$ cat coords-v6.pdb   # PDB, C-alpha atoms and all ligand atoms
ATOM      1  CA  MET N   7     -29.129  17.100 -27.137  1.00  0.00           C
ATOM      2  CA  PRO N   8     -31.923  17.315 -24.487  1.00  0.00           C
ATOM      3  CA  ALA N   9     -33.491  20.635 -23.563  1.00  0.00           C
ATOM      4  CA  THR N  10     -32.309  20.251 -19.952  1.00  0.00           C
ATOM      5  CA  PRO N  11     -30.692  23.416 -18.665  1.00  0.00           C
ATOM      6  CA  ILE N  12     -26.940  23.471 -18.425  1.00  0.00           C
ATOM      7  CA  SER N  13     -25.700  24.423 -14.989  1.00  0.00           C
ATOM      8  CA  ILE N  14     -22.289  25.878 -14.297  1.00  0.00           C
ATOM      9  CA  ARG N  15     -20.614  25.110 -11.002  1.00  0.00           C
ATOM     10  CA  PRO N  16     -17.149  25.013  -9.424  1.00  0.00           C
ATOM     11  CA  LEU N  17     -15.102  21.856  -9.745  1.00  0.00           C
ATOM     12  CA  HIS N  18     -15.465  19.474  -6.784  1.00  0.00           C
ATOM     13  CA  HIS N  19     -12.996  16.984  -5.373  1.00  0.00           C
ATOM     14  CA  ASP N  20     -15.064  14.075  -6.623  1.00  0.00           C
ATOM     15  CA  ASP N  21     -15.018  15.361 -10.232  1.00  0.00           C
ATOM     16  CA  TYR N  22     -11.419  14.191 -10.653  1.00  0.00           C
ATOM     17  CA  ALA N  23     -11.992  11.298 -13.086  1.00  0.00           C
ATOM     18  CA  VAL N  24     -14.319  13.258 -15.380  1.00  0.00           C
ATOM     19  CA  TRP N  25     -12.187  16.401 -15.151  1.00  0.00           C
ATOM     20  CA  GLN N  26      -9.127  14.385 -16.157  1.00  0.00           C
ATOM     21  CA  ASP N  27     -10.974  12.984 -19.154  1.00  0.00           C
ATOM     22  CA  LEU N  28     -12.277  16.398 -20.316  1.00  0.00           C
ATOM     23  CA  TRP N  29      -8.905  18.015 -19.783  1.00  0.00           C
ATOM     24  CA  ALA N  30      -7.176  15.229 -21.748  1.00  0.00           C
ATOM     25  CA  GLN N  31      -9.605  15.899 -24.621  1.00  0.00           C
ATOM     26  CA  TYR N  32      -8.841  19.604 -24.442  1.00  0.00           C
ATOM     27  CA  ASN N  33      -5.094  18.960 -24.412  1.00  0.00           C
ATOM     28  CA  ALA N  34      -5.461  16.579 -27.336  1.00  0.00           C
ATOM     29  CA  PHE N  35      -7.138  19.431 -29.247  1.00  0.00           C
ATOM     30  CA  TYR N  36      -3.813  21.268 -28.859  1.00  0.00           C
ATOM     31  CA  GLY N  37      -1.778  18.198 -29.846  1.00  0.00           C
ATOM     32  CA  ARG N  38      -0.812  17.254 -26.303  1.00  0.00           C
ATOM     33  CA  GLU N  39      -1.649  13.563 -26.564  1.00  0.00           C
ATOM     34  CA  GLY N  40       0.170  10.252 -26.897  1.00  0.00           C
ATOM     35  CA  ASP N  41       3.910  10.884 -26.593  1.00  0.00           C
ATOM     36  CA  THR N  42       3.341  14.589 -25.973  1.00  0.00           C
ATOM     37  CA  ALA N  43       0.527  14.216 -23.422  1.00  0.00           C
ATOM     38  CA  LEU N  44       0.995  16.044 -20.144  1.00  0.00           C
ATOM     39  CA  ASN N  45       2.747  13.784 -17.678  1.00  0.00           C
ATOM     40  CA  ASP N  46       1.054  12.473 -14.528  1.00  0.00           C
ATOM     41  CA  GLU N  47       2.949  14.866 -12.279  1.00  0.00           C
ATOM     42  CA  ILE N  48       1.655  17.923 -14.162  1.00  0.00           C
ATOM     43  CA  VAL N  49      -1.906  16.602 -14.161  1.00  0.00           C
ATOM     44  CA  ALA N  50      -1.752  15.801 -10.438  1.00  0.00           C
ATOM     45  CA  THR N  51      -0.185  19.174  -9.594  1.00  0.00           C
ATOM     46  CA  THR N  52      -2.736  21.104 -11.631  1.00  0.00           C
ATOM     47  CA  TRP N  53      -5.572  19.233  -9.951  1.00  0.00           C
ATOM     48  CA  LYS N  54      -4.091  19.899  -6.507  1.00  0.00           C
ATOM     49  CA  ARG N  55      -3.829  23.593  -7.310  1.00  0.00           C
ATOM     50  CA  LEU N  56      -7.379  23.735  -8.631  1.00  0.00           C
ATOM     51  CA  MET N  57      -8.593  22.181  -5.389  1.00  0.00           C
ATOM     52  CA  SER N  58      -6.499  24.384  -3.114  1.00  0.00           C
ATOM     53  CA  ASP N  59      -7.820  27.515  -1.390  1.00  0.00           C
ATOM     54  CA  GLU N  60      -4.249  28.834  -1.322  1.00  0.00           C
ATOM     55  CA  GLU N  61      -3.885  28.971  -5.102  1.00  0.00           C
ATOM     56  CA  PRO N  62      -5.342  31.670  -7.406  1.00  0.00           C
ATOM     57  CA  VAL N  63      -6.341  28.946  -9.883  1.00  0.00           C
ATOM     58  CA  TYR N  64      -9.999  27.994 -10.365  1.00  0.00           C
ATOM     59  CA  GLY N  65     -12.129  25.638 -12.393  1.00  0.00           C
ATOM     60  CA  LEU N  66     -15.765  25.570 -13.431  1.00  0.00           C
ATOM     61  CA  VAL N  67     -17.625  22.749 -15.104  1.00  0.00           C
ATOM     62  CA  ALA N  68     -20.807  22.588 -17.146  1.00  0.00           C
ATOM     63  CA  ASP N  69     -23.276  19.994 -15.907  1.00  0.00           C
ATOM     64  CA  LEU N  70     -25.934  18.677 -18.252  1.00  0.00           C
ATOM     65  CA  ASP N  71     -28.302  16.330 -16.448  1.00  0.00           C
ATOM     66  CA  GLY N  72     -25.546  14.986 -14.211  1.00  0.00           C
ATOM     67  CA  THR N  73     -22.969  14.669 -16.994  1.00  0.00           C
ATOM     68  CA  LEU N  74     -20.051  17.082 -17.146  1.00  0.00           C
ATOM     69  CA  VAL N  75     -19.785  18.378 -20.706  1.00  0.00           C
ATOM     70  CA  GLY N  76     -17.365  21.292 -20.444  1.00  0.00           C
ATOM     71  CA  LEU N  77     -14.769  23.030 -18.354  1.00  0.00           C
ATOM     72  CA  THR N  78     -12.902  26.250 -17.926  1.00  0.00           C
ATOM     73  CA  HIS N  79      -9.820  27.076 -15.858  1.00  0.00           C
ATOM     74  CA  PHE N  80      -8.855  30.603 -14.904  1.00  0.00           C
ATOM     75  CA  ILE N  81      -6.286  32.456 -12.846  1.00  0.00           C
ATOM     76  CA  PHE N  82      -6.572  35.700 -10.892  1.00  0.00           C
ATOM     77  CA  HIS N  83      -3.421  37.774 -10.897  1.00  0.00           C
ATOM     78  CA  ARG N  84      -2.049  41.261 -10.358  1.00  0.00           C
ATOM     79  CA  ASN N  85      -2.330  43.947 -13.018  1.00  0.00           C
ATOM     80  CA  LEU N  86       0.149  46.780 -12.638  1.00  0.00           C
ATOM     81  CA  ILE N  87      -2.111  49.394 -14.195  1.00  0.00           C
ATOM     82  CA  ARG N  88      -4.988  48.668 -11.812  1.00  0.00           C
ATOM     83  CA  ILE N  89      -5.612  48.155  -8.139  1.00  0.00           C
ATOM     84  CA  ALA N  90      -7.903  45.202  -8.705  1.00  0.00           C
ATOM     85  CA  ASP N  91      -6.592  41.867  -9.927  1.00  0.00           C
ATOM     86  CA  THR N  92      -7.360  40.692 -13.438  1.00  0.00           C
ATOM     87  CA  CYS N  93      -8.494  37.298 -14.695  1.00  0.00           C
ATOM     88  CA  TYR N  94      -6.765  35.135 -17.282  1.00  0.00           C
ATOM     89  CA  MET N  95      -8.985  32.383 -18.679  1.00  0.00           C
ATOM     90  CA  GLN N  96      -6.471  29.742 -19.672  1.00  0.00           C
ATOM     91  CA  ASP N  97      -8.714  26.907 -20.844  1.00  0.00           C
ATOM     92  CA  LEU N  98     -12.193  26.537 -22.301  1.00  0.00           C
ATOM     93  CA  PHE N  99     -13.549  23.260 -23.579  1.00  0.00           C
ATOM     94  CA  THR N 100     -16.891  21.735 -24.523  1.00  0.00           C
ATOM     95  CA  ALA N 101     -17.153  17.998 -25.251  1.00  0.00           C
ATOM     96  CA  GLU N 102     -17.708  17.512 -28.966  1.00  0.00           C
ATOM     97  CA  ALA N 103     -21.236  16.100 -28.667  1.00  0.00           C
ATOM     98  CA  ALA N 104     -22.392  19.094 -26.593  1.00  0.00           C
ATOM     99  CA  ARG N 105     -21.037  21.880 -28.806  1.00  0.00           C
ATOM    100  CA  GLY N 106     -23.153  24.632 -30.310  1.00  0.00           C
ATOM    101  CA  HIS N 107     -25.697  24.633 -27.463  1.00  0.00           C
ATOM    102  CA  GLY N 108     -24.401  27.458 -25.328  1.00  0.00           C
ATOM    103  CA  VAL N 109     -22.057  25.563 -23.001  1.00  0.00           C
ATOM    104  CA  GLY N 110     -19.002  27.654 -23.898  1.00  0.00           C
ATOM    105  CA  ARG N 111     -20.914  30.888 -23.535  1.00  0.00           C
ATOM    106  CA  LYS N 112     -22.289  29.806 -20.149  1.00  0.00           C
ATOM    107  CA  LEU N 113     -18.836  28.828 -18.931  1.00  0.00           C
ATOM    108  CA  ILE N 114     -17.523  32.285 -19.827  1.00  0.00           C
ATOM    109  CA  ASP N 115     -20.532  33.820 -18.047  1.00  0.00           C
ATOM    110  CA  GLY N 116     -19.568  31.687 -15.045  1.00  0.00           C
ATOM    111  CA  VAL N 117     -16.033  33.071 -15.083  1.00  0.00           C
ATOM    112  CA  ALA N 118     -17.519  36.578 -15.223  1.00  0.00           C
ATOM    113  CA  ASP N 119     -19.685  35.798 -12.171  1.00  0.00           C
ATOM    114  CA  ALA N 120     -16.631  34.533 -10.271  1.00  0.00           C
ATOM    115  CA  CYS N 121     -14.808  37.756 -11.162  1.00  0.00           C
ATOM    116  CA  ARG N 122     -17.692  39.956 -10.040  1.00  0.00           C
ATOM    117  CA  ALA N 123     -17.797  38.145  -6.725  1.00  0.00           C
ATOM    118  CA  ARG N 124     -14.129  39.108  -6.218  1.00  0.00           C
ATOM    119  CA  GLY N 125     -14.353  42.687  -7.488  1.00  0.00           C
ATOM    120  CA  ILE N 126     -12.397  41.789 -10.610  1.00  0.00           C
ATOM    121  CA  GLY N 127     -13.492  43.814 -13.602  1.00  0.00           C
ATOM    122  CA  ASP N 128     -11.985  42.089 -16.624  1.00  0.00           C
ATOM    123  CA  ILE N 129     -11.149  38.751 -18.201  1.00  0.00           C
ATOM    124  CA  TYR N 130      -8.683  38.123 -20.988  1.00  0.00           C
ATOM    125  CA  TRP N 131      -7.715  35.028 -22.927  1.00  0.00           C
ATOM    126  CA  HIS N 132      -5.800  33.842 -25.970  1.00  0.00           C
ATOM    127  CA  THR N 133      -6.903  31.875 -28.929  1.00  0.00           C
ATOM    128  CA  GLN N 134      -5.252  30.853 -32.153  1.00  0.00           C
ATOM    129  CA  ALA N 135      -6.052  33.091 -35.104  1.00  0.00           C
ATOM    130  CA  SER N 136      -7.025  29.916 -36.976  1.00  0.00           C
ATOM    131  CA  ASN N 137      -9.576  28.778 -34.372  1.00  0.00           C
ATOM    132  CA  LYS N 138     -12.628  29.938 -36.280  1.00  0.00           C
ATOM    133  CA  THR N 139     -15.122  28.115 -34.080  1.00  0.00           C
ATOM    134  CA  ALA N 140     -13.839  29.650 -30.869  1.00  0.00           C
ATOM    135  CA  ARG N 141     -13.534  33.043 -32.492  1.00  0.00           C
ATOM    136  CA  GLY N 142     -17.147  32.797 -33.688  1.00  0.00           C
ATOM    137  CA  LEU N 143     -18.087  32.660 -30.032  1.00  0.00           C
ATOM    138  CA  TYR N 144     -15.535  35.168 -28.739  1.00  0.00           C
ATOM    139  CA  ASP N 145     -16.342  37.811 -31.344  1.00  0.00           C
ATOM    140  CA  ARG N 146     -19.867  37.921 -29.935  1.00  0.00           C
ATOM    141  CA  LEU N 147     -18.770  38.241 -26.324  1.00  0.00           C
ATOM    142  CA  ALA N 148     -15.559  40.206 -26.224  1.00  0.00           C
ATOM    143  CA  ARG N 149     -13.346  42.547 -28.200  1.00  0.00           C
ATOM    144  CA  ASN N 150     -10.290  41.418 -30.105  1.00  0.00           C
ATOM    145  CA  THR N 151      -7.367  43.420 -28.681  1.00  0.00           C
ATOM    146  CA  ASP N 152      -5.134  42.798 -31.689  1.00  0.00           C
ATOM    147  CA  PHE N 153      -2.161  41.947 -29.431  1.00  0.00           C
ATOM    148  CA  LEU N 154       0.120  39.099 -30.478  1.00  0.00           C
ATOM    149  CA  VAL N 155       1.519  36.612 -27.960  1.00  0.00           C
ATOM    150  CA  TYR N 156       5.295  36.075 -27.856  1.00  0.00           C
ATOM    151  CA  ARG N 157       6.908  33.304 -25.846  1.00  0.00           C
ATOM    152  CA  THR N 158      10.470  32.138 -25.365  1.00  0.00           C
ATOM    153  CA  ASP N 159      11.873  29.131 -23.546  1.00  0.00           C
ATOM    154  CA  VAL N 160      14.311  29.947 -20.778  1.00  0.00           C
ATOM    155  CA  ALA N 161      16.863  27.195 -20.269  1.00  0.00           C
TER     156      ALA N 161
HETATM  157  C1  LIG N 201     -14.785  26.816 -28.634  1.00  0.00           C
HETATM  158  C2  LIG N 201     -15.747  25.972 -27.846  1.00  0.00           C
HETATM  159  C3  LIG N 201     -15.360  26.004 -26.359  1.00  0.00           C
HETATM  160  C4  LIG N 201     -17.161  26.538 -28.018  1.00  0.00           C
HETATM  161  O1  LIG N 201     -18.004  25.810 -27.160  1.00  0.00           O
HETATM  162  P1  LIG N 201     -19.567  25.670 -27.439  1.00  0.00           P
HETATM  163  O2  LIG N 201     -20.148  25.085 -26.204  1.00  0.00           O
HETATM  164  O3  LIG N 201     -19.816  24.978 -28.710  1.00  0.00           O
HETATM  165  O4  LIG N 201     -19.978  27.203 -27.605  1.00  0.00           O
HETATM  166  P2  LIG N 201     -21.451  27.774 -27.578  1.00  0.00           P
HETATM  167  O5  LIG N 201     -22.443  26.720 -27.895  1.00  0.00           O
HETATM  168  O6  LIG N 201     -21.620  28.539 -26.300  1.00  0.00           O
HETATM  169  O7  LIG N 201     -21.407  28.782 -28.762  1.00  0.00           O
HETATM  170  C5  LIG N 201     -21.643  30.091 -28.571  1.00  0.00           C
HETATM  171  C6  LIG N 201     -21.938  30.738 -29.880  1.00  0.00           C
HETATM  172  O8  LIG N 201     -21.043  30.364 -30.896  1.00  0.00           O
HETATM  173  C7  LIG N 201     -21.778  29.777 -31.964  1.00  0.00           C
HETATM  174  N1  LIG N 201     -21.064  28.620 -32.403  1.00  0.00           N
HETATM  175  C8  LIG N 201     -20.740  27.535 -31.686  1.00  0.00           C
HETATM  176  N2  LIG N 201     -20.125  26.626 -32.460  1.00  0.00           N
HETATM  177  C9  LIG N 201     -20.064  27.193 -33.690  1.00  0.00           C
HETATM  178  C10 LIG N 201     -19.555  26.770 -34.937  1.00  0.00           C
HETATM  179  N3  LIG N 201     -19.010  25.541 -35.088  1.00  0.00           N
HETATM  180  N4  LIG N 201     -19.628  27.617 -35.972  1.00  0.00           N
HETATM  181  C11 LIG N 201     -20.202  28.824 -35.840  1.00  0.00           C
HETATM  182  N5  LIG N 201     -20.714  29.280 -34.684  1.00  0.00           N
HETATM  183  C12 LIG N 201     -20.644  28.466 -33.636  1.00  0.00           C
HETATM  184  C13 LIG N 201     -23.100  29.374 -31.404  1.00  0.00           C
HETATM  185  O9  LIG N 201     -24.098  29.464 -32.389  1.00  0.00           O
HETATM  186  C14 LIG N 201     -23.306  30.358 -30.315  1.00  0.00           C
HETATM  187  O10 LIG N 201     -23.859  31.548 -30.763  1.00  0.00           O
HETATM  188  P3  LIG N 201     -25.091  32.181 -29.993  1.00  0.00           P
HETATM  189  O11 LIG N 201     -24.801  32.068 -28.519  1.00  0.00           O
HETATM  190  O12 LIG N 201     -25.153  33.572 -30.500  1.00  0.00           O
HETATM  191  O13 LIG N 201     -26.232  31.315 -30.398  1.00  0.00           O
HETATM  192  C15 LIG N 201     -15.765  24.499 -28.360  1.00  0.00           C
HETATM  193  O14 LIG N 201     -15.968  24.515 -29.750  1.00  0.00           O
HETATM  194  C16 LIG N 201     -14.495  23.740 -28.047  1.00  0.00           C
HETATM  195  O15 LIG N 201     -14.331  23.206 -26.942  1.00  0.00           O
HETATM  196  N6  LIG N 201     -13.576  23.651 -29.035  1.00  0.00           N
HETATM  197  C17 LIG N 201     -12.330  22.918 -28.863  1.00  0.00           C
HETATM  198  C18 LIG N 201     -11.399  23.565 -27.858  1.00  0.00           C
HETATM  199  C19 LIG N 201     -11.238  25.027 -28.115  1.00  0.00           C
HETATM  200  O16 LIG N 201     -11.064  25.482 -29.236  1.00  0.00           O
HETATM  201  N7  LIG N 201     -11.273  25.780 -27.012  1.00  0.00           N
HETATM  202  C20 LIG N 201     -11.078  27.203 -27.056  1.00  0.00           C
HETATM  203  C21 LIG N 201      -9.631  27.468 -27.009  1.00  0.00           C
HETATM  204  S1  LIG N 201      -9.247  29.177 -26.912  1.00  0.00           S
END

$ encode --input "coords-v6.pdb" --output "structure tokens"
Amino acid sequence: MPATPISIRPLHHDDYAVWQDLWAQYNAFYGREGDTALNDEIVATTWKRLMSDEEPVYGLVADLDGTLVGLTHFIFHRNLIRIADTCYMQDLFTAEAARGHGVGRKLIDGVADACRARGIGDIYWHTQASNKTARGLYDRLARNTDFLVYRTDVA
């Protein structure tokens, strides 16, 4: 990997094709591929929301010499024990060939900058207990809250 600096910037309208490819790779990491891939309507709706000023949903990408090599998506929302909103980082992904060179860390720094600009003082996110690689990064940047995530489908 070249020594060119990685720059972090917001997603632009004309990033759609590359964003879709990176996001498909990220979803595939979680088994959402082939028959279980996100359908076109979800992908189109998510993109529309990411591009909308009316939605509290944001995306950043990592640019290495003109090539996008990573992304993060995050959501600002209310927190009932604070006045300020909080930030949920839903997705973080670095293309396989670019891993281990600080892209993930820089993307998280970028989310922190976006929060600071909005007066938001914290970021939280989930990861699987088994995701050793991600945890290797997260353990250096954040504290493990020890909460478990429960989810139920509502018919
Ligand atoms: C997790 C992920 C985003 C990390 O991205 P990355 O760009 O490789 O991360 P970085 O290069 O910023 O790594 C940051 C630190 O973790 C370390 N690290 C990265 N990959 C590592 C690995 N495979 N094993 C051990 N440490 C690792 C780096 O040495 C670095 O430490 P340093 O900053 O102290 O030098 C990337 O592996 C990925 O996209 N994985 C698949 C999707 C995923 O798991 N996403 C997270 C879901 S919660």

$ atom_distance --input "coords-v6.pdb" --atom1 "atom O10 of ligand LIG 201 (chain N)" --atom2 "atom CA of N:Thr100"
13.6 Å

$ closest_atom_pairs --input "coords-v6.pdb" --of "chain N" --to "ligand LIG 201 (chain N)" --cutoff "10 Å" --atoms "all atoms listed in the file" --output "Markdown table"
| residue | atom | partner | partner_atom | distance |
| --- | --- | --- | --- | --- |
| N:Leu28 | CA | N:LIG201 | O15 | 9.7 |
| N:Gln31 | CA | N:LIG201 | C18 | 8.5 |
| N:Tyr32 | CA | N:LIG201 | C18 | 5.8 |
| N:Asn33 | CA | N:LIG201 | C18 | 8.5 |
| N:Ala34 | CA | N:LIG201 | C18 | 9.2 |
| N:Phe35 | CA | N:LIG201 | C18 | 6.1 |
| N:Tyr36 | CA | N:LIG201 | C18 | 8.0 |
| N:Ala68 | CA | N:LIG201 | O2 | 9.4 |
| N:Val75 | CA | N:LIG201 | O2 | 8.7 |
| N:Gly76 | CA | N:LIG201 | O15 | 7.4 |
| N:Leu77 | CA | N:LIG201 | C3 | 8.6 |
| N:Thr78 | CA | N:LIG201 | C3 | 8.8 |
| N:Met95 | CA | N:LIG201 | S1 | 8.8 |
| N:Gln96 | CA | N:LIG201 | S1 | 7.8 |
| N:Asp97 | CA | N:LIG201 | C21 | 6.3 |
| N:Leu98 | CA | N:LIG201 | N7 | 4.9 |
| N:Phe99 | CA | N:LIG201 | O15 | 3.5 |
| N:Thr100 | CA | N:LIG201 | O15 | 3.8 |
| N:Ala101 | CA | N:LIG201 | O15 | 6.2 |
| N:Glu102 | CA | N:LIG201 | O15 | 6.9 |
| N:Ala103 | CA | N:LIG201 | O3 | 9.0 |
| N:Ala104 | CA | N:LIG201 | O2 | 6.4 |
| N:Arg105 | CA | N:LIG201 | O3 | 3.3 |
| N:Gly106 | CA | N:LIG201 | O5 | 3.3 |
| N:His107 | CA | N:LIG201 | O5 | 3.9 |
| N:Gly108 | CA | N:LIG201 | O6 | 3.1 |
| N:Val109 | CA | N:LIG201 | O2 | 3.8 |
| N:Gly110 | CA | N:LIG201 | O2 | 3.6 |
| N:Arg111 | CA | N:LIG201 | O6 | 3.7 |
| N:Lys112 | CA | N:LIG201 | O6 | 6.3 |
| N:Leu113 | CA | N:LIG201 | O6 | 7.9 |
| N:Ile114 | CA | N:LIG201 | O6 | 8.5 |
| N:Asp115 | CA | N:LIG201 | O6 | 9.9 |
| N:Trp131 | CA | N:LIG201 | S1 | 7.2 |
| N:His132 | CA | N:LIG201 | S1 | 5.9 |
| N:Thr133 | CA | N:LIG201 | S1 | 4.1 |
| N:Gln134 | CA | N:LIG201 | S1 | 6.8 |
| N:Ala135 | CA | N:LIG201 | S1 | 9.6 |
| N:Ser136 | CA | N:LIG201 | O16 | 9.8 |
| N:Asn137 | CA | N:LIG201 | O16 | 6.3 |
| N:Lys138 | CA | N:LIG201 | N4 | 7.4 |
| N:Thr139 | CA | N:LIG201 | C10 | 4.7 |
| N:Ala140 | CA | N:LIG201 | C1 | 3.7 |
| N:Arg141 | CA | N:LIG201 | C1 | 7.4 |
| N:Gly142 | CA | N:LIG201 | N5 | 5.1 |
| N:Leu143 | CA | N:LIG201 | O8 | 3.8 |
| N:Tyr144 | CA | N:LIG201 | O8 | 7.6 |
| N:Asp145 | CA | N:LIG201 | O8 | 8.8 |
| N:Arg146 | CA | N:LIG201 | O12 | 6.9 |
| N:Leu147 | CA | N:LIG201 | C6 | 8.9 |

$ residues_around --input "coords-v6.pdb" --residues "N:His19" --least-positions-apart "2" --cutoff "10 Å" --atoms "all atoms listed in the file" --output "PyMOL selection string"
chain N and resi 16-17+21-23+25+53-54+56-57

$ closest_residue --input "coords-v6.pdb" --among "N:Ala90, N:Ile81, N:Val155, N:Arg55" --to "N:Val117" --atoms "all atoms listed in the file"
N:Ile81

$ atom_distance --input "coords-v6.pdb" --atom1 "atom CA of N:Tyr64" --atom2 "atom CA of N:His79"
5.6 Å

$ closest_residue --input "coords-v6.pdb" --among "N:Glu39, N:Leu44, N:Val24, N:Asp71" --to "N:Pro11" --atoms "all atoms listed in the file"
N:Asp71

$ closest_residue --input "coords-v6.pdb" --among "N:Cys93, N:Ile129, N:Glu61, N:Trp29" --to "N:Ile48" --atoms "all atoms listed in the file"
N:Trp29

$ resolve_selection --input "coords-v6.pdb" --expression "the PyMOL selection byres (((chain N and resi 124) around 12) and not hetatm)" --output "VMD selection string"
chain N and resid 62 82 to 83 90 to 93 117 to 123 125 to 128

$ write_last_selection --input "coords-v6.pdb" --atoms "C-alpha atoms" --output "short mmCIF file (atom, residue, chain, number, x, y, z; two decimals), in the frame of the given file"
data_model
loop_
_atom_site.label_atom_id
_atom_site.label_comp_id
_atom_site.auth_asym_id
_atom_site.auth_seq_id
_atom_site.Cartn_x
_atom_site.Cartn_y
_atom_site.Cartn_z
CA PRO N 62 -5.34 31.67 -7.41
CA PHE N 82 -6.57 35.70 -10.89
CA HIS N 83 -3.42 37.77 -10.90
CA ALA N 90 -7.90 45.20 -8.70
CA ASP N 91 -6.59 41.87 -9.93
CA THR N 92 -7.36 40.69 -13.44
CA CYS N 93 -8.49 37.30 -14.70
CA VAL N 117 -16.03 33.07 -15.08
CA ALA N 118 -17.52 36.58 -15.22
CA ASP N 119 -19.68 35.80 -12.17
CA ALA N 120 -16.63 34.53 -10.27
CA CYS N 121 -14.81 37.76 -11.16
CA ARG N 122 -17.69 39.96 -10.04
CA ALA N 123 -17.80 38.15 -6.72
CA GLY N 125 -14.35 42.69 -7.49
CA ILE N 126 -12.40 41.79 -10.61
CA GLY N 127 -13.49 43.81 -13.60
CA ASP N 128 -11.98 42.09 -16.62
#

$ residues_around --input "coords-v6.pdb" --residues "N:Arg15" --least-positions-apart "4" --cutoff "9 Å" --atoms "all atoms listed in the file" --output "PyMOL selection string"
chain N and resi 65-69+113+116

$ write_last_selection --input "coords-v6.pdb" --atoms "C-alpha atoms" --output "PDB file, in the coordinates of the input"
ATOM      1  CA  GLY N  65     -12.129  25.638 -12.393  1.00  0.00           C
ATOM      2  CA  LEU N  66     -15.765  25.570 -13.431  1.00  0.00           C
ATOM      3  CA  VAL N  67     -17.625  22.749 -15.104  1.00  0.00           C
ATOM      4  CA  ALA N  68     -20.807  22.588 -17.146  1.00  0.00           C
ATOM      5  CA  ASP N  69     -23.276  19.994 -15.907  1.00  0.00           C
ATOM      6  CA  LEU N 113     -18.836  28.828 -18.931  1.00  0.00           C
ATOM      7  CA  GLY N 116     -19.568  31.687 -15.045  1.00  0.00           C
TER       8      GLY N 116
END

$ residues_near_point --input "coords-v6.pdb" --point "(-27.2, 16.8, -14.3)" --cutoff "8 Å" --atoms "only C-alpha atoms" --output "list in words"
Ile12, Ser13, Asp69, Leu70, Asp71, Gly72, Thr73 and Leu74 of chain N

$ write_last_selection --input "coords-v6.pdb" --atoms "C-alpha atoms" --output "PDB file, in the coordinates of the input"
ATOM      1  CA  ILE N  12     -26.940  23.471 -18.425  1.00  0.00           C
ATOM      2  CA  SER N  13     -25.700  24.423 -14.989  1.00  0.00           C
ATOM      3  CA  ASP N  69     -23.276  19.994 -15.907  1.00  0.00           C
ATOM      4  CA  LEU N  70     -25.934  18.677 -18.252  1.00  0.00           C
ATOM      5  CA  ASP N  71     -28.302  16.330 -16.448  1.00  0.00           C
ATOM      6  CA  GLY N  72     -25.546  14.986 -14.211  1.00  0.00           C
ATOM      7  CA  THR N  73     -22.969  14.669 -16.994  1.00  0.00           C
ATOM      8  CA  LEU N  74     -20.051  17.082 -17.146  1.00  0.00           C
TER       9      LEU N  74
END
